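Worksheet: one structure, shown below.
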Amino acid sequence: MSVRLFSCAFILVAGLLVSGVAETCTRVVYQGPDDRILTGRSMDWKMPMMSNMWVFPRGMDREGLVGERSVTWSSRHGSLIVSGYDISTADGMNEAGLVANLLWEVNATYPDDDGETPRISVAIFPQYLLDRFATVEEAVADLKSNPIDVVTGPLPMDTSRFATVHVSLSDATGDSAVIEFIDGEMVIHHSREYQVMTNEPTYDRQRAILEYWENVNPREFLPGTVRASDRFVRAQFYINAVVQSDDPRVAAASVFSVIRQTSVPWGISVADAPNLSTTRWRVVADHKQRRYYAESVISPSVFWVDLDQLDFSEGADIRKLDLGVDMERVLSGEVSELFEVAEPFAFQAANP
């Protein structure tokens, strides 16, 4: 059985005030020696974005925010997440080392509501995965055996349009999954081989494009535009060509270098493809070190959070690190002490 979707739309609703504004992004998984696994991603968005970091403990009761038949659960794992406009989880890592990334998918299509399947708002769907699962294998097995509809409403200012997304998962073993939605069905690509995800075309076609470029010497020529298929080819080559090291500092530098190389320069957009937009921030999660790095493209430095310094125990405080628009707050080094107790944000409800 597959995960069912009625309609999957904006993860960052507050920023979608005009039609044609969309998200791109690139995600890579680094498989270094001695189980040094890191996941990096860029956040590309046409408009300024408010993104803050949040610490969610175990034992939080949640619901899918779609009215009748909403999924309900209690978090089994604490997590550190990056919000989108403080209405959704856009990225994050839980205490077990599972990472979830939400990216735009141009070609996604979704089924109608069947009147029976449990439902969940797309804004909280990545959090659902982080709350409930420790590994990719566990998540994939559950999604297949317990299908849910991920639901939302039309874009504001243009009710004829729906945004489209897909999800990548990775874990401390180096396992990986790409979850996309094709012809009204959920397709899960599950393998350690699936290290890279961008936005279009569908993943099977991206793999076919990659096969073509495997006949070209990548050290002499690689496709260089900011389009998703070109970024996919470059990221696939570079994530395995950079220095492979168990040194956490060297490994993180390697992943950042790949994500920076596949980022969209500041202020750049493509006229006939509004979903191709400037990179605003980048994050790298070290699954082995339990460390989560971040950098804004308008900041001079990288900062990080050691998850071992956070309290994920049931009943612990929810904490927030206020980063501002485009993570404009300038920070450096380990910043866990800067999180402040806060009321949790309200996830965006979906239209039932």
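Labels used: A, B, ... for chains in the order of the structure tokens, numbers from 1 for residues in each chain, and numbers from 1 for ligands as shown.
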* Mind listing the strand (DSSP E or B) residues of segment 37-225 of chain A, per DSSP on the backbone, as a VMD selection string? => chain A and resid 37 to 45 50 53 to 56 61 to 63 70 72 to 74 79 to 84 88 to 94 99 to 104 119 to 121 149 to 151 155 158 165 to 170 176 to 182 185 to 190 196 to 197
Closest-contact table, segment 18-103 of chain A side, partner segment 224-246 of chain A, 7 Å, counting only C-alpha atoms, as JSON lines:
```
{"residue": "A:Val28", "atom": "CA", "partner": "A:Ala235", "partner_atom": "CA", "distance": 6.9}
{"residue": "A:Tyr30", "atom": "CA", "partner": "A:Ile239", "partner_atom": "CA", "distance": 6.1}
{"residue": "A:Gly32", "atom": "CA", "partner": "A:Gln244", "partner_atom": "CA", "distance": 5.1}
{"residue": "A:Pro33", "atom": "CA", "partner": "A:Asp246", "partner_atom": "CA", "distance": 5.6}
{"residue": "A:Asp34", "atom": "CA", "partner": "A:Asp246", "partner_atom": "CA", "distance": 6.2}
{"residue": "A:Arg36", "atom": "CA", "partner": "A:Asp246", "partner_atom": "CA", "distance": 5.4}
```
* Asked: Quick one: DSSP alpha helix (DSSP H) residues in segment 121-201 of chain A, as a VMD selection string?
  -> chain A and resid 125 to 132 136 to 145
* To do: For atom CA of Ile124 of chain A and atom CA of Val302 of chain A, quote the distance in Å rounded to one decimal.
  =>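 Computing the Euclidean distance for atom CA of Ile124 of chain A and atom CA of Val302 of chain A yields 27.2 Å.
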* Asked: Which distance in Å separates atom CA of Trp73 of chain A and atom CA of Gly59 of chain A, to one decimal?
  -> 9.2 Å
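Distances to Glu337 of chain A were evaluated for A:Leu129, A:Leu65, A:Asp142, A:Val55 using only C-alpha atoms, and the minimum falls at A:Val55.
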* Asked: Which neighbours of Val165 of chain A fall inside 6 Å, counting only C-alpha atoms, when residues of the same chain fewer than 6 positions from it are skipped, and could you give them as a ChimeraX atom specification?
  -> /A:103-105
* Structure fact -> Across A:Val255, A:Val167, A:Ala139, A:Ile209, the smallest distance to Asp286 of chain A, with only C-alpha atoms counted, is shown by A:Val255
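Nearest to Glu116 of chain A of all the residues A:Gln206, A:Asn217, A:Ser70, A:Ser257 is A:Ser70, counting only C-alpha atoms.
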* To do: With a distance cut-off of 9 Å and only C-alpha atoms, select the neighbouring residues of Gln127 of chain A, excluding the residue or stretch itself and same-chain residues fewer than 6 positions from it, and output the selection as a ChimeraX atom specification.
  => /A:79,81,88-92,100
* Quick one: pull the distance between atom CA of Ser176 of chain A and atom CA of Gln348 of chain A, Å, one decimal. =>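 Computing it gives 27.3 Å between the two atoms.
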